[in-house]
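What follows is a short report on a single structure.
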Amino acid sequence: MDILQILYTIIPAALIAATPLIFTALGGLFSERAGVVNIGLEGLMVIGAFSGIVATLWFESMGLGYASPWLALLVAMIIGAVFSLFHAVASITLRADQVVSGVALNFLAVGLAVFMVREIFDRGQTDYISARIYRTDVPFLSDIPFIGPMLFSRVYATTYIAIILAVVVWYVVFKTPFGLRLRSVGEHPMAADTMGIKVNRMRYIAVMLSGAFGGVGGAVFAITTAGNFAGNTIVGQGFMALAALIFGKWHPFGALGAALFFGLAQALSLTAQQIPALAQVPQVYLLIAPYVLTILALAGFVGKANPPNAIGKPYEKGSR
Amino acid sequence: MIKRLLVGARGKSFGLIVPLIAIAFGFIAGGIIMLLSGNNPILGYTALIQGVFGDMYYFGETLRMMTPLILSGLAVAFAFRTGLLNIGVEGQLIVGWLAAVVVGIYVDGPFALVLAILAGAVAGGLWGFIPGLLKAKYEVHEVIVTIMMNYIALHVSNHFIRNYLLASGQRTDFVNDSASLSSPFLEALTDYSRLHWGFFIAIFACVVMWFILWKTNKGYELRAVGYNKNASSYAGMNVKTNIILSMVISGAFAGVGGAMEGLGTYGYAQILSGFTNLGFDGIAVALLGASTSVGIFLAAFLFGGLKIGASNMQSAAGVAPELVEIVIALIIFFVASSYLIRWILGRLQQNKEEK
């Protein structure tokens, strides 16, 4: 394979692998910026993947055809937001340890989703959906030489939605009053409270946003890549999204870049055997690269990653 | 008895009452889910209990299942006593499993078993050392590092098995008999379950944790750091060393847990397509067991029993085994939200006093 051929295979594969990570990492950004640790992203993706597939099958049987996966994404968004209430109630109102609550959320998501799959389908996995979101060429742009085949042909529309969403999230978090309140709640809740911001309400909104985004992330993966849902559909993508969020230093563009980079590492680990220069590199290096880099970033070797100040602490009125 | 528990509840320590109420809530919620999904909760729970106590085989399997759960629970609890949340028990358990099996395959003779278990402890300890060092030296939060270390453990151990140790299919050779924990005696006693000597090692580990934490100077220091870092530092303790030490010991417990699976239950290591979940279950065990040795033993019995009983629940009552995972997750939620239980108890007591 010559170098162009390689790029034409790897770049689209990287974009596809990165898409669910972008959605989920952006969701995690809301929650963590508001001061609520979200280890539960993985579970939110599981619930999203499950409801995305089941809703697609349901809409298909109602005869909605190719609109079904798109409507299913909406369903996954709502169910993700509702499911995240478990984490919100436990960690905000009941002041549970946020990490523990997140871990429990992951357990609950897998248990609940697979339990329901068994009850509905009488086996460990769902049927395959027939109305998938297909890869398409972007008109005109895909005809551009070099860039066209790399970035605009045979892509999923969801990838572009994810990238546009990163810009939207950046605008919301850094340029609107809502974003300022969100960040102040995560940095110094007492000061925010003094200024009349309802700390716990902001945190509820933030966690539910992370649920909505995580749900979409999981559903996008299930609908575009997997095609059905089973207990092993989402294995680690949520944690990788969390890694992207941290490696991206809790910034939307950082998270976007990190997710794309992790997507590239994933695509490389799958296709490295076909690339002469990389065939000698053991696959394991590419598999562990995202995690090693995240640790290095946290340790300050790749630029210090500082979390929001009040992260992980429940807010109690009147306490210092 | 109940009165004494409630009296205890008035003071600082809620003793047994919070975990017991959390368990009750978890089972009630599980029953409601069974009702909603068209199953009979009474039949379901009866089948679950029969799936633990109904047969010596099931009971032996439950004890077998407890073994790694106890050790991963101890691992989480030990770090927790020093104020650290070790989510990386899963990864430490995986590398401990592999290291123990490697030694078990290549070493023979009278010390093979001891060496293999030690190898597991060392590997797990090393995997805990890295997040401990980063926490002590660069103040990196251990939760994220340990999560990342889990994936690194999974991929690295798969890499070694795939490239250097593959014997047949997805697994390595069996360990030598001299390094094996399996026991024909225990198997015969429990109607040929996979119960092995590791169960007693797990009980011994409970004693070891209790001894280290409550009977040694170092244990006192570790707990002191967990209560208040600044005060410990002022009292002349080296907080950084204690953090690293705590993570290493915690990782060693987890590594031994992996060794029990590798040398006892399976006798080999295999390419894992995903996590074993034993390490994550350890978080649940430690939390429910309130980070005490006895509590962890009892919590491991509950969760081990739930996991083993689930299969009978499926065959006898037609309830999907994942119900058990839901119940476990809800129990963790309720224990973690003990604020709710305390609040309810506080209210109840107030009402009583007003009367």
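For the structure tokens, the naming scheme is as follows: chains receive sequential letters (A, B, ...) according to their order of presentation, residues are indexed from 1 within each chain, and ligands are indexed from 1 in presentation order.
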
Compile the contact shell of Val89 (chain B) as a PyMOL selection string: residues with an atom at most 10 Å away, counting only C-alpha atoms, same-chain residues fewer than 2 positions apart removed.
chain B and resi 71-76+85-87+91-94+124+127-128+146-147+149-150+250-255+257-258+277-283

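Near chain B, the residues of chain A that fall inside 6 Å (using only C-alpha atoms) are Ala90, Leu94, Ala96, Ala104, Phe107, Leu108, Gly111, Phe115, Ile288, Tyr291, Ile295 and Ala299 of chain A.
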
Atoms kept (C-alpha atoms) for selection, written as a PDB file, in the first residue's frame:
ATOM      1  CA  ALA A  90     -26.879   9.747  44.926  1.00  0.00           C
ATOM      2  CA  LEU A  94     -27.492  12.156  49.116  1.00  0.00           C
ATOM      3  CA  ALA A  96     -22.561   9.753  48.196  1.00  0.00           C
ATOM      4  CA  ALA A 104     -22.338   1.592  40.867  1.00  0.00           C
ATOM      5  CA  PHE A 107     -22.689  -1.999  37.277  1.00  0.00           C
ATOM      6  CA  LEU A 108     -26.333  -1.035  37.174  1.00  0.00           C
ATOM      7  CA  GLY A 111     -27.006  -5.431  34.642  1.00  0.00           C
ATOM      8  CA  PHE A 115     -31.413  -8.185  31.950  1.00  0.00           C
ATOM      9  CA  ILE A 288      -2.172   1.056  25.489  1.00  0.00           C
ATOM     10  CA  TYR A 291      -3.985   5.193  28.605  1.00  0.00           C
ATOM     11  CA  ILE A 295      -1.222   9.059  32.854  1.00  0.00           C
ATOM     12  CA  ALA A 299       1.708  13.545  35.909  1.00  0.00           C
TER      13      ALA A 299
END

Surrounding residues of region 20-25 of chain A excluding itself and chain neighbours under 2 positions, 7 Å, only C-alpha atoms, as number ranges by chain:
A: 17-18, 27-29, 41, 162, 213-214, 216-218, 220-221, 237-238, 241-242, 244-245, 255-256, 259

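Each of B:Gly169, B:Gly132, B:Gly30, B:Gly304 was compared to Thr82 (chain B) using only C-alpha atoms, and B:Gly132 turns out to be the nearest.
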
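Between Arg81 (chain B) and the residues B:Ser233, B:Ser168, B:Gln50, B:Asn242, the shortest atom-to-atom distance, using only C-alpha atoms, involves B:Asn242.
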